[in-house]
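One structure is given here, and the rest of the page talks about it.
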Amino acid sequence: MASMNTDLAGLIRLQQLESSAEEARRKIADYPNRIQALDQRLEAARRVVAEVRQRLTDNQNRRRAEEKDVATVQSRLTRYKDQLLEVKTNREYQAMLHEIEAAQTEIRGREDRILETMIEGDDLGARMKGAESDLKRVEKEVAAERQELDREVTRMNAELERATAARDGVAKEISPGTLAVFEFVARGRKGVGVAEARDGLCSICHVRLRPQVFNEVRRNDAIIQCSSCQRILYFAQEGAAAPTNSEATLEP
């Protein structure tokens, strides 16, 4: 098997570096969105706690108001009972009994509502504990994920710097004409100017190559472009690493 064309070998390495740099740029650019998503997740958990806390506060306020009203009616009921002993006529007596019955009915109604708020309060208290527990878990997870994102961006900045510097060195070793073809194709193909030929196909645009062309590509001794997507083709020998790129499974 003849050795690989020097320019072709350089282009494969160049594509690897271009793809690494593009992936690093993409992750760096996406950092604010990912941070915003974490902030929104944390805010949602905090909002749940705040909403449950407000409902619990409202519940407690309603209960205190009912208890205050019960005390007021109870005081009035006591006064009615005292006055009952002082009435002079049957008509006054019956009127006072009516007032007493109305007060007792009001007290029972308010006590029922107090019981309802107590039951609701117990439920809200349990929900509050659960919401606070969830918030602590989310705070811990978000903090860890933010740290990992910060580390990733640091790595991506270093990778971008490394790939950019290496790219310049590799580009100098490729003939100007071949480099110009690669750069022209890459600009129109989402940054991917090199494609592996596999099983008689261009692995990116999936167009079948003519048998003669595929056999020529297999020799890796010349610059050959895909007749469909115009990417420069190469054949990966067994065990050889192919250039990585995010467009490899997409149509051009």
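If you're wondering about the labels, chains in the structure tokens are A, B, ... by order shown, residues count from 1 in each chain, ligands from 1 in order shown.
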Looking only at the backbone, which of the residues in stretch 144-246 of chain A does DSSP tag as helix (DSSP H, G or I), as a VMD selection string?
-> chain A and resid 144 to 172 176 to 188 211 to 219
With N, CA and C atoms retained, could you export that selection as a short mmCIF file (atom, residue, chain, number, x, y, z; two decimals), in the first residue's frame?
data_model
loop_
_atom_site.label_atom_id
_atom_site.label_comp_id
_atom_site.auth_asym_id
_atom_site.auth_seq_id
_atom_site.Cartn_x
_atom_site.Cartn_y
_atom_site.Cartn_z
N ALA A 144 -22.83 22.05 41.96
CA ALA A 144 -21.88 21.09 41.39
C ALA A 144 -21.82 21.22 39.87
N GLU A 145 -22.98 21.40 39.25
CA GLU A 145 -23.02 21.51 37.79
C GLU A 145 -22.38 22.81 37.31
N ARG A 146 -22.56 23.87 38.07
CA ARG A 146 -21.90 25.14 37.72
C ARG A 146 -20.38 24.98 37.78
N GLN A 147 -19.90 24.30 38.81
CA GLN A 147 -18.45 24.09 38.93
C GLN A 147 -17.94 23.27 37.75
N GLU A 148 -18.70 22.23 37.36
CA GLU A 148 -18.29 21.41 36.24
C GLU A 148 -18.32 22.21 34.95
N LEU A 149 -19.33 23.08 34.77
CA LEU A 149 -19.38 23.93 33.58
C LEU A 149 -18.19 24.88 33.54
N ASP A 150 -17.84 25.44 34.68
CA ASP A 150 -16.69 26.34 34.74
C ASP A 150 -15.41 25.60 34.36
N ARG A 151 -15.27 24.37 34.87
CA ARG A 151 -14.08 23.58 34.52
C ARG A 151 -14.08 23.24 33.02
N GLU A 152 -15.28 22.92 32.50
CA GLU A 152 -15.37 22.57 31.08
C GLU A 152 -14.99 23.76 30.20
N VAL A 153 -15.49 24.95 30.54
CA VAL A 153 -15.16 26.14 29.75
C VAL A 153 -13.66 26.42 29.80
N THR A 154 -13.06 26.21 30.97
CA THR A 154 -11.61 26.38 31.08
C THR A 154 -10.89 25.41 30.16
N ARG A 155 -11.36 24.15 30.15
CA ARG A 155 -10.76 23.16 29.25
C ARG A 155 -10.98 23.53 27.79
N MET A 156 -12.18 24.02 27.47
CA MET A 156 -12.48 24.36 26.08
C MET A 156 -11.65 25.56 25.61
N ASN A 157 -11.42 26.52 26.48
CA ASN A 157 -10.58 27.65 26.11
C ASN A 157 -9.15 27.19 25.83
N ALA A 158 -8.68 26.27 26.68
CA ALA A 158 -7.33 25.73 26.47
C ALA A 158 -7.28 24.92 25.17
N GLU A 159 -8.33 24.12 24.91
CA GLU A 159 -8.38 23.31 23.70
C GLU A 159 -8.45 24.20 22.46
N LEU A 160 -9.24 25.27 22.53
CA LEU A 160 -9.35 26.19 21.40
C LEU A 160 -8.00 26.84 21.11
N GLU A 161 -7.31 27.25 22.15
CA GLU A 161 -6.00 27.86 21.97
C GLU A 161 -5.01 26.87 21.37
N ARG A 162 -5.05 25.63 21.87
CA ARG A 162 -4.14 24.60 21.37
C ARG A 162 -4.43 24.27 19.91
N ALA A 163 -5.74 24.05 19.59
CA ALA A 163 -6.11 23.67 18.23
C ALA A 163 -5.81 24.79 17.24
N THR A 164 -6.03 26.03 17.66
CA THR A 164 -5.77 27.17 16.77
C THR A 164 -4.29 27.28 16.45
N ALA A 165 -3.47 27.13 17.49
CA ALA A 165 -2.02 27.20 17.29
C ALA A 165 -1.53 26.05 16.41
N ALA A 166 -2.04 24.84 16.68
CA ALA A 166 -1.62 23.68 15.90
C ALA A 166 -2.12 23.78 14.47
N ARG A 167 -3.30 24.34 14.30
CA ARG A 167 -3.88 24.48 12.96
C ARG A 167 -2.98 25.32 12.07
N ASP A 168 -2.46 26.41 12.60
CA ASP A 168 -1.59 27.27 11.80
C ASP A 168 -0.34 26.52 11.35
N GLY A 169 0.20 25.69 12.27
CA GLY A 169 1.39 24.93 11.92
C GLY A 169 1.12 23.89 10.84
N VAL A 170 0.01 23.18 10.95
CA VAL A 170 -0.34 22.16 9.97
C VAL A 170 -0.63 22.79 8.62
N ALA A 171 -1.34 23.93 8.63
CA ALA A 171 -1.72 24.59 7.38
C ALA A 171 -0.49 24.99 6.57
N LYS A 172 0.59 25.35 7.25
CA LYS A 172 1.81 25.76 6.54
C LYS A 172 2.44 24.61 5.77
N PRO A 176 -0.46 25.55 -1.00
CA PRO A 176 -1.45 26.62 -1.01
C PRO A 176 -2.70 26.30 -1.83
N GLY A 177 -2.52 25.67 -2.99
CA GLY A 177 -3.68 25.36 -3.82
C GLY A 177 -4.62 24.38 -3.15
N THR A 178 -4.05 23.33 -2.58
CA THR A 178 -4.88 22.32 -1.89
C THR A 178 -5.56 22.93 -0.68
N LEU A 179 -4.84 23.76 0.07
CA LEU A 179 -5.41 24.41 1.25
C LEU A 179 -6.56 25.32 0.85
N ALA A 180 -6.39 26.01 -0.27
CA ALA A 180 -7.45 26.92 -0.73
C ALA A 180 -8.72 26.14 -1.08
N VAL A 181 -8.55 24.96 -1.72
CA VAL A 181 -9.71 24.12 -2.04
C VAL A 181 -10.42 23.69 -0.75
N PHE A 182 -9.64 23.23 0.21
CA PHE A 182 -10.21 22.79 1.49
C PHE A 182 -10.98 23.92 2.16
N GLU A 183 -10.38 25.09 2.23
CA GLU A 183 -11.02 26.21 2.92
C GLU A 183 -12.28 26.67 2.19
N PHE A 184 -12.27 26.64 0.87
CA PHE A 184 -13.45 27.02 0.10
C PHE A 184 -14.60 26.06 0.36
N VAL A 185 -14.29 24.75 0.32
CA VAL A 185 -15.34 23.75 0.56
C VAL A 185 -15.83 23.83 2.00
N ALA A 186 -14.92 23.96 2.94
CA ALA A 186 -15.30 23.99 4.36
C ALA A 186 -16.23 25.16 4.66
N ARG A 187 -15.99 26.31 4.04
CA ARG A 187 -16.84 27.47 4.30
C ARG A 187 -18.29 27.20 3.89
N GLY A 188 -18.47 26.42 2.85
CA GLY A 188 -19.82 26.14 2.39
C GLY A 188 -20.43 24.89 2.97
N PRO A 211 -17.23 3.16 -8.82
CA PRO A 211 -16.20 2.19 -8.39
C PRO A 211 -14.78 2.64 -8.69
N GLN A 212 -14.56 3.20 -9.86
CA GLN A 212 -13.22 3.64 -10.21
C GLN A 212 -12.74 4.74 -9.27
N VAL A 213 -13.67 5.70 -8.95
CA VAL A 213 -13.32 6.79 -8.05
C VAL A 213 -13.03 6.25 -6.65
N PHE A 214 -13.86 5.33 -6.19
CA PHE A 214 -13.64 4.77 -4.85
C PHE A 214 -12.29 4.06 -4.77
N ASN A 215 -11.94 3.34 -5.83
CA ASN A 215 -10.64 2.66 -5.84
C ASN A 215 -9.49 3.66 -5.82
N GLU A 216 -9.67 4.78 -6.50
CA GLU A 216 -8.63 5.82 -6.49
C GLU A 216 -8.52 6.44 -5.10
N VAL A 217 -9.68 6.66 -4.46
CA VAL A 217 -9.67 7.23 -3.11
C VAL A 217 -8.97 6.29 -2.15
N ARG A 218 -9.20 4.99 -2.33
CA ARG A 218 -8.60 4.00 -1.42
C ARG A 218 -7.07 4.07 -1.42
N ARG A 219 -6.50 4.56 -2.49
CA ARG A 219 -5.04 4.62 -2.56
C ARG A 219 -4.48 5.80 -1.74
#
Using only C-alpha atoms, which residues of stretch 36-104 of chain A come within 10 Å of stretch 112-122 of chain A, and what is the closest atom pair for each, with the distance in Å to one decimal? Give it as a Markdown table, sorted by chain and residue number.
| residue | atom | partner | partner_atom | distance |
| --- | --- | --- | --- | --- |
| A:Arg55 | CA | A:Gly121 | CA | 8.9 |
| A:Leu56 | CA | A:Gly121 | CA | 6.3 |
| A:Thr57 | CA | A:Gly121 | CA | 9.1 |
| A:Asp58 | CA | A:Gly121 | CA | 9.6 |
| A:Asn59 | CA | A:Thr117 | CA | 6.2 |
| A:Gln60 | CA | A:Gly121 | CA | 7.3 |
| A:Asn61 | CA | A:Thr117 | CA | 9.7 |
| A:Arg62 | CA | A:Thr117 | CA | 7.5 |
| A:Arg63 | CA | A:Ile114 | CA | 5.6 |
| A:Arg64 | CA | A:Ile114 | CA | 8.6 |
| A:Ala65 | CA | A:Ile114 | CA | 9.3 |
| A:Glu66 | CA | A:Ile114 | CA | 6.4 |
| A:Glu67 | CA | A:Ile114 | CA | 7.2 |
| A:Val70 | CA | A:Ile114 | CA | 9.6 |
Expected file contents, prior selection, C-alpha atoms, as a compact mmCIF listing (two decimals), in the first residue's frame:
# COMPACT_ATOMS: atom_id res chain seq x y z
CA ARG A 55 -50.09 29.47 51.52
CA LEU A 56 -49.00 28.28 54.96
CA THR A 57 -48.86 31.88 56.21
CA ASP A 58 -52.33 32.58 54.79
CA ASN A 59 -53.62 29.41 56.44
CA GLN A 60 -52.22 30.43 59.82
CA ASN A 61 -53.67 33.92 59.47
CA ARG A 62 -57.11 32.51 58.68
CA ARG A 63 -56.91 30.18 61.66
CA ARG A 64 -55.92 33.00 64.02
CA ALA A 65 -58.72 35.18 62.68
CA GLU A 66 -61.28 32.41 63.21
CA GLU A 67 -59.98 31.73 66.73
CA VAL A 70 -64.68 32.44 68.24
Based on DSSP run over this structure's backbone, return all residues of stretch 150-222 of chain A in strand (DSSP E or B), as a PyMOL selection string.
-> chain A and resi 194-198+201-202+208
Can I get the selection written as a compact mmCIF listing (two decimals), in the first residue's frame, with N, CA and C atoms?
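Final file, again.txt:
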# COMPACT_ATOMS: atom_id res chain seq x y z
N VAL A 194 -13.38 17.79 4.65
CA VAL A 194 -12.80 16.47 4.42
C VAL A 194 -13.80 15.42 4.85
N ALA A 195 -13.93 14.34 4.06
CA ALA A 195 -14.87 13.27 4.41
C ALA A 195 -14.24 11.92 4.13
N GLU A 196 -14.56 10.97 4.99
CA GLU A 196 -14.10 9.60 4.77
C GLU A 196 -14.98 8.93 3.72
N ALA A 197 -14.34 8.17 2.83
CA ALA A 197 -15.08 7.32 1.88
C ALA A 197 -15.15 5.93 2.51
N ARG A 198 -16.38 5.44 2.66
CA ARG A 198 -16.56 4.17 3.35
C ARG A 198 -17.63 3.36 2.63
N LEU A 201 -19.22 4.87 -0.35
CA LEU A 201 -20.03 6.08 -0.19
C LEU A 201 -19.20 7.20 0.41
N CYS A 202 -19.62 8.42 0.15
CA CYS A 202 -19.13 9.56 0.93
C CYS A 202 -19.84 9.47 2.27
N ARG A 208 -23.24 7.59 -3.44
CA ARG A 208 -22.38 6.48 -3.85
C ARG A 208 -21.37 6.95 -4.87
If we count only C-alpha atoms, what is near A:Val207 at a cut-off of 9 Å, once residues fewer than 3 positions away on the same chain are taken out, given as a PyMOL selection string?
-> chain A and resi 200-204+226-229
Dump as a tab-separated table (two decimals), in the first residue's frame, selection limited to N, CA and C atoms:
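Listed below is the output, selection.tsv:
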chain	number	residue	atom	x	y	z
A	200	GLY	N	-17.90	2.45	-0.30
A	200	GLY	CA	-18.26	2.99	-1.61
A	200	GLY	C	-19.08	4.26	-1.56
A	201	LEU	N	-19.22	4.87	-0.35
A	201	LEU	CA	-20.03	6.08	-0.19
A	201	LEU	C	-19.20	7.20	0.41
A	202	CYS	N	-19.62	8.42	0.15
A	202	CYS	CA	-19.13	9.56	0.93
A	202	CYS	C	-19.84	9.47	2.27
A	203	SER	N	-19.09	9.41	3.35
A	203	SER	CA	-19.70	9.15	4.67
A	203	SER	C	-20.52	10.32	5.19
A	204	ILE	N	-20.44	11.49	4.55
A	204	ILE	CA	-21.20	12.64	5.04
A	204	ILE	C	-22.44	12.89	4.18
A	226	CYS	N	-15.53	14.68	-3.58
A	226	CYS	CA	-16.83	14.04	-3.79
A	226	CYS	C	-17.56	14.84	-4.87
A	227	SER	N	-18.11	14.15	-5.86
A	227	SER	CA	-18.80	14.82	-6.95
A	227	SER	C	-20.09	15.48	-6.49
A	228	SER	N	-20.60	15.11	-5.31
A	228	SER	CA	-21.85	15.67	-4.81
A	228	SER	C	-21.60	16.84	-3.86
A	229	CYS	N	-20.90	16.60	-2.76
A	229	CYS	CA	-20.71	17.65	-1.75
A	229	CYS	C	-19.39	18.39	-1.88
Rounded to one decimal in Å, what is the spacing between atom CA of A:Arg34 and atom CA of A:Lys140?
->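 Result for atom CA of A:Arg34 versus atom CA of A:Lys140: 16.4 Å, one decimal.
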To one decimal in Å, tell me the separation between atom CA of A:Thr78 and atom CA of A:Tyr93.
-> 15.2 Å
